[in-house]
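Have a look at the structure below, then the notes.
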Amino acid sequence: MRVKSFTGLPVVYIDTEDKKEVASREEYVRAKLRIVEDIETRSAGEMLESTIRIKGRGNTTWTMPKKPYKIKFDKKTSLLGEPADKAWVLLANYADKTALRNETAFFMGRMSRLDYTSRTHFVELILNGVYNGTYQLGEQLKIASHRVNVGDDGFLMEVDARADGEDVTFKVNHINAPINIKDPELRVGDESYNYVVRYLQRIDSVLFSDSFRDAEKGYRAYLDEESFVDWYVINEIAKNNDACFFSSCYMNLERGKKLKMGPLWDFDIAFGNVNYNGCDNPEGFWIKAVAWYTRLFEDPHFVAKVKERFAYYYDHRNQIYDEINANAQYLKYSVVENNNKWGTLYEYTWPNNMIWGSYENEVQSFKLWLERRFQWLNEQFATMGS
């Protein structure tokens with residue numbers, strides 16, 4: 001069966017039981033989901049119907065008019081050709097009028113040496129018969145062989161200043177925010193909890209010891225360099241406001257292995273799309289000021305690794321711009337419908353730095369900011385360590 005959607009994007013229909021509003025981030029609502037995939041769009045083409053549960057998700061994004069959601073299937077299900085799993089997310093990108101910043105960062109993640117970056121697809125969402133706008137349907141971050149693959153007894157953690165009393169957290173001396181153990185579910189004081197706490201505290205201690213540069217006794221014995229470098233470079237290029245070890249800063253640990261940074265997450269107030277902390281300015285370091293990274297930059301070995309990887313992204317920046325252009329072209333009809341629904345393009349939306357008006361202007365300002373950022377960083381890294 002051939003189906004032509006009204007914007008060329010796959011369409012996700014979700015109808016909740018008794019048309020109940022999805023009003024909570026804690027309580028799921030039973031629903032039916034149907035995906036209609038136009039064979040002319042980017043995916044292979046599919047029609048799927050299933051029962052699901054749906055609830056709200058996000059922190060600041062949950063307070064915005066266009067809500068993000070988490071959906072959960074009763075059994076592992078493949079969506080738009082991606083590996084089957086029960087847990088998926090619908091990212092609203094309300095604060096990002098280009099709707100491209102998360103996907104651009106994820107594209108850079110797929111160019112990186114990070115083990116895993118969430119796979120996402122742009123879709124239209126129709127919720128209880130009402131058009132709800134352009135969304136990104138993607139993989140929720142979790143431990144799985146096809147997502148964060150740390151084995152059956154590994155850990156996925158988030159540096160999370162927004163953690164609350166219900167979260168399982170711990171602290172280390174040189175990270176201000178709590179470290180939230182996201183997966184698996186643990187209890188404070190059990191064996192797994194004690195294992196990961198001791199490991200992170202050991203890293204923190206070694207990193208700030210006199211011998212931290214030593215290749216065998218220092219931080220390199222505990223930290224996976226490639227992931228720490230690539231996560232840093234991508235977030236620094238994006239000047240990602242929350243990546244200053246405030247929130248959405250993920251780490252993962254497989255027992256018997258080194259601590260890795262990642263996966264990447266949450267770039268809607270990155271790439272200049274924010275009017276505070278100076279993150280609208282394409283000049284100035286941001287992630288480098290984090291205590292752990294400040295310390296790492298005191299090691300010439302780490303600096304050399306960063307310079308090498310930044311040069312890789314700098315040399316491939318036209319590939320990144322091409323991806324932005326391709327996605328903007330793909331969304332050209334969808335953004336019209338999304339703006340008809342939410343009316344954001346010509347209005348201030350917190351925490352945008354500027355109102356650029358048309359979608360084309362929003363995309364162009366994004367690219368211009370990114371090019372200025374690349375050039376400033378290139379000048380800084382060229383003289384660093386010399």
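Please note that chains go A, B, ... in the order of the structure tokens, that every chain numbers its residues from 1, and that ligands are numbered from 1 in the order shown.
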Neighbour list for Glu158 in chain A as a PyMOL selection string, cut-off 9 Å, only C-alpha atoms, skip fewer than 2 positions in-chain: chain A and resi 156+160+178-182+245+247-252
May I have the selected residues written with C-alpha atoms, as a tab-separated table (two decimals), in the first residue's frame?
chain	number	residue	atom	x	y	z
A	156	LEU	CA	24.76	4.18	32.50
A	160	ASP	CA	22.49	15.58	36.66
A	178	PRO	CA	25.18	14.60	41.57
A	179	ILE	CA	25.93	11.59	39.40
A	180	ASN	CA	22.62	9.88	38.71
A	181	ILE	CA	22.68	6.12	38.02
A	182	LYS	CA	20.14	5.86	35.19
A	245	PHE	CA	28.62	18.91	33.79
A	247	SER	CA	22.77	17.85	33.07
A	248	SER	CA	22.46	15.35	30.21
A	249	CYS	CA	26.16	14.55	30.55
A	250	TYR	CA	26.19	10.78	30.20
A	251	MET	CA	28.92	8.33	31.16
A	252	ASN	CA	28.99	4.56	30.90
Those in range 109-330 of chain A with strand (DSSP E or B) from DSSP, as number ranges by chain: A: 120-127, 130-139, 143, 148, 155-159, 169-172, 175-183, 223, 249-253, 259-261
Exercise: range 12-24 of chain A partners within 12 Å, only C-alpha atoms, chain neighbours under 4 positions left out, as a ChimeraX atom specification: /A:5,28-38,46-59,62-63,65-71,79-80,90,121-137
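Using only C-alpha atoms, the smallest distance between any of A:Val89, A:Ala215, A:Ala161, A:Leu264 and Asp115 in chain A comes from A:Leu264.
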For CA of Phe170 in chain A and CA of Thr294 in chain A, the interatomic separation in Å (one decimal):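 Taking CA of Phe170 in chain A and CA of Thr294 in chain A, their separation equals 21.7 Å.
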Each residue of range 96-205 of chain A with at least one atom at most 12 Å from range 298-310 of chain A should appear once, together with its nearest atom pair and the corresponding distance in Å (one decimal); atoms considered: only C-alpha atoms; ordering: chain, then increasing residue number; output as JSON lines.
{"residue": "A:Met108", "atom": "CA", "partner": "A:Phe310", "partner_atom": "CA", "distance": 11.5}
{"residue": "A:Met111", "atom": "CA", "partner": "A:Arg309", "partner_atom": "CA", "distance": 10.9}
{"residue": "A:Ser112", "atom": "CA", "partner": "A:Arg309", "partner_atom": "CA", "distance": 8.9}
{"residue": "A:Arg113", "atom": "CA", "partner": "A:Arg309", "partner_atom": "CA", "distance": 9.9}
Selection: 7 Å around Trp369 in chain A, only C-alpha atoms, excl. self and same-chain fewer than 4 positions, as JSON, numbers by chain: {"A": [272, 282, 365, 373]}
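Distances to Gln380 in chain A were evaluated for A:Phe271, A:Phe285, A:Phe366, A:Tyr219 using only C-alpha atoms, and the minimum falls at A:Phe285.
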Using only C-alpha atoms: which of A:Ala95, A:Ala84, A:Val150, A:Cys244 has the shortest distance to Glu347 in chain A: A:Ala95
Å distance separating CA of Lys258 in chain A from CA of Ala221 in chain A, one decimal place: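 Between these atoms lies a distance of 7.4 Å.
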Could you write out, as a tab-separated table (two decimals) with C-alpha atoms, in the first residue's frame, all the residues of range 220-384 of chain A that DSSP marks as helix (DSSP H, G or I)?
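And here's part-v2.tsv as it stands now:
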chain	number	residue	atom	x	y	z
A	220	ARG	CA	44.67	6.95	31.49
A	221	ALA	CA	44.43	3.73	33.49
A	225	GLU	CA	40.64	8.66	26.18
A	226	GLU	CA	38.89	8.42	22.82
A	227	SER	CA	35.42	8.85	24.27
A	228	PHE	CA	36.47	11.66	26.62
A	229	VAL	CA	38.10	13.50	23.72
A	230	ASP	CA	35.29	13.06	21.18
A	231	TRP	CA	32.52	13.89	23.68
A	232	TYR	CA	34.43	17.02	24.64
A	233	VAL	CA	35.12	18.17	21.08
A	234	ILE	CA	31.52	17.80	19.93
A	235	ASN	CA	30.08	19.56	22.97
A	236	GLU	CA	32.69	22.33	22.79
A	237	ILE	CA	32.01	22.93	19.10
A	238	ALA	CA	28.30	23.15	19.96
A	241	ASN	CA	25.00	25.09	27.62
A	242	ASP	CA	24.07	22.09	29.80
A	243	ALA	CA	27.19	20.07	28.98
A	287	ILE	CA	33.20	22.75	28.40
A	288	LYS	CA	36.94	23.23	28.98
A	289	ALA	CA	36.06	25.08	32.21
A	291	ALA	CA	36.97	20.80	36.58
A	292	TRP	CA	37.68	17.37	35.11
A	293	TYR	CA	38.41	18.80	31.67
A	294	THR	CA	40.41	21.71	33.06
A	295	ARG	CA	42.61	19.12	34.72
A	296	LEU	CA	42.86	16.97	31.61
A	300	PRO	CA	50.02	17.81	26.91
A	301	HIS	CA	49.15	14.28	25.84
A	302	PHE	CA	45.42	15.00	26.21
A	303	VAL	CA	45.76	18.39	24.52
A	304	ALA	CA	47.38	16.75	21.51
A	305	LYS	CA	44.51	14.26	21.27
A	306	VAL	CA	41.93	17.06	21.40
A	307	LYS	CA	43.73	19.08	18.72
A	308	GLU	CA	43.87	16.05	16.47
A	309	ARG	CA	40.16	15.32	16.81
A	310	PHE	CA	39.10	18.93	16.46
A	311	ALA	CA	41.10	19.06	13.22
A	312	TYR	CA	39.11	16.07	11.99
A	313	TYR	CA	35.80	17.88	12.52
A	314	TYR	CA	37.19	21.15	11.18
A	315	ASP	CA	38.32	19.42	7.99
A	317	ARG	CA	32.77	20.79	8.50
A	318	ASN	CA	31.40	21.07	4.97
A	319	GLN	CA	30.02	17.57	5.42
A	320	ILE	CA	28.23	18.82	8.55
A	321	TYR	CA	26.85	21.84	6.67
A	322	ASP	CA	25.66	19.53	3.88
A	323	GLU	CA	23.80	17.45	6.45
A	324	ILE	CA	22.16	20.56	7.91
A	325	ASN	CA	21.11	21.65	4.41
A	326	ALA	CA	19.74	18.22	3.54
A	327	ASN	CA	17.71	18.02	6.74
A	328	ALA	CA	16.40	21.57	6.30
A	329	GLN	CA	15.28	20.67	2.79
A	330	TYR	CA	13.65	17.49	4.07
A	334	SER	CA	6.89	20.08	7.89
A	335	VAL	CA	8.19	23.31	9.44
A	336	VAL	CA	5.36	25.24	7.79
A	337	GLU	CA	2.78	22.98	9.41
A	338	ASN	CA	4.65	23.05	12.73
A	339	ASN	CA	4.67	26.86	12.69
A	340	ASN	CA	0.97	26.93	11.80
A	341	LYS	CA	0.40	24.86	14.92
A	342	TRP	CA	2.75	26.59	17.37
A	359	TYR	CA	12.82	29.14	8.75
A	360	GLU	CA	15.48	29.84	6.11
A	361	ASN	CA	16.86	32.63	8.29
A	362	GLU	CA	16.91	30.37	11.34
A	363	VAL	CA	18.90	27.71	9.48
A	364	GLN	CA	21.26	30.26	8.00
A	365	SER	CA	21.97	31.85	11.38
A	366	PHE	CA	22.67	28.38	12.79
A	367	LYS	CA	25.24	27.67	10.07
A	368	LEU	CA	26.86	31.11	10.34
A	369	TRP	CA	27.22	30.70	14.10
A	370	LEU	CA	28.73	27.25	13.63
A	371	GLU	CA	31.24	28.49	11.07
A	372	ARG	CA	32.31	31.33	13.37
A	373	ARG	CA	32.65	28.79	16.19
A	374	PHE	CA	34.81	26.51	14.06
A	375	GLN	CA	37.09	29.39	13.10
A	376	TRP	CA	37.51	30.66	16.66
A	377	LEU	CA	38.29	27.20	18.02
A	378	ASN	CA	40.68	26.55	15.15
A	379	GLU	CA	42.65	29.66	16.08
A	380	GLN	CA	42.77	28.66	19.75
A	381	PHE	CA	43.81	25.06	19.22
A	382	ALA	CA	46.44	26.07	16.65
A	383	THR	CA	48.50	27.80	19.36
Among listed residues A:Glu185, A:Asp266, A:Asp204, A:Asp224, nearest Thr117 in chain A (using only C-alpha atoms):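 That would be A:Asp266, the residue with the smallest distance to Thr117 in chain A.
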12 Å contact set for Tyr199 in chain A, only C-alpha atoms, chain neighbours under 2 positions out, as a ChimeraX atom specification: /A:155,170-172,192-197,201-206,219,221-223,252-259
For Asn102 in chain A, the nearest of the candidates A:Lys72, A:Arg162, A:Arg213, A:Ser118, counting only C-alpha atoms: A:Ser118
Test item: residues at most 12 Å from Ile355 in chain A, only C-alpha atoms, excluding those fewer than 2 positions along its chain, as a PyMOL selection string: chain A and resi 95-98+273-275+344-353+357-359+361-363+365
Non-local contacts of range 141-146 of chain A (7 Å; only C-alpha atoms; under 2 positions in same chain excluded) as a PyMOL selection string: chain A and resi 83+139+148-150+156+183
Export N, CA and C atoms of the chosen residues as a PDB file, in the first residue's frame?
ATOM      1  N   PRO A  83      16.840  -1.081  15.407  1.00  0.00           N
ATOM      2  CA  PRO A  83      16.788  -2.300  16.226  1.00  0.00           C
ATOM      3  C   PRO A  83      15.619  -2.293  17.209  1.00  0.00           C
ATOM      4  N   GLU A 139      15.703   6.665  19.822  1.00  0.00           N
ATOM      5  CA  GLU A 139      15.979   5.632  20.801  1.00  0.00           C
ATOM      6  C   GLU A 139      16.241   6.268  22.167  1.00  0.00           C
ATOM      7  N   VAL A 148      23.446   1.301  24.616  1.00  0.00           N
ATOM      8  CA  VAL A 148      24.642   1.445  25.452  1.00  0.00           C
ATOM      9  C   VAL A 148      25.058   0.042  25.881  1.00  0.00           C
ATOM     10  N   ASN A 149      26.048  -0.490  25.207  1.00  0.00           N
ATOM     11  CA  ASN A 149      26.405  -1.898  25.371  1.00  0.00           C
ATOM     12  C   ASN A 149      27.511  -2.032  26.408  1.00  0.00           C
ATOM     13  N   VAL A 150      27.117  -2.173  27.658  1.00  0.00           N
ATOM     14  CA  VAL A 150      28.079  -2.331  28.760  1.00  0.00           C
ATOM     15  C   VAL A 150      27.898  -3.665  29.469  1.00  0.00           C
ATOM     16  N   LEU A 156      24.963   2.943  33.245  1.00  0.00           N
ATOM     17  CA  LEU A 156      24.756   4.178  32.497  1.00  0.00           C
ATOM     18  C   LEU A 156      24.457   5.264  33.511  1.00  0.00           C
ATOM     19  N   ASP A 183      20.723   3.568  34.748  1.00  0.00           N
ATOM     20  CA  ASP A 183      20.467   2.186  34.375  1.00  0.00           C
ATOM     21  C   ASP A 183      21.674   1.364  34.815  1.00  0.00           C
TER      22      ASP A 183
END
Residue among A:Leu91, A:Trp286, A:Met157, A:Gly343 lying closest to Met261 in chain A, counting only C-alpha atoms: A:Met157
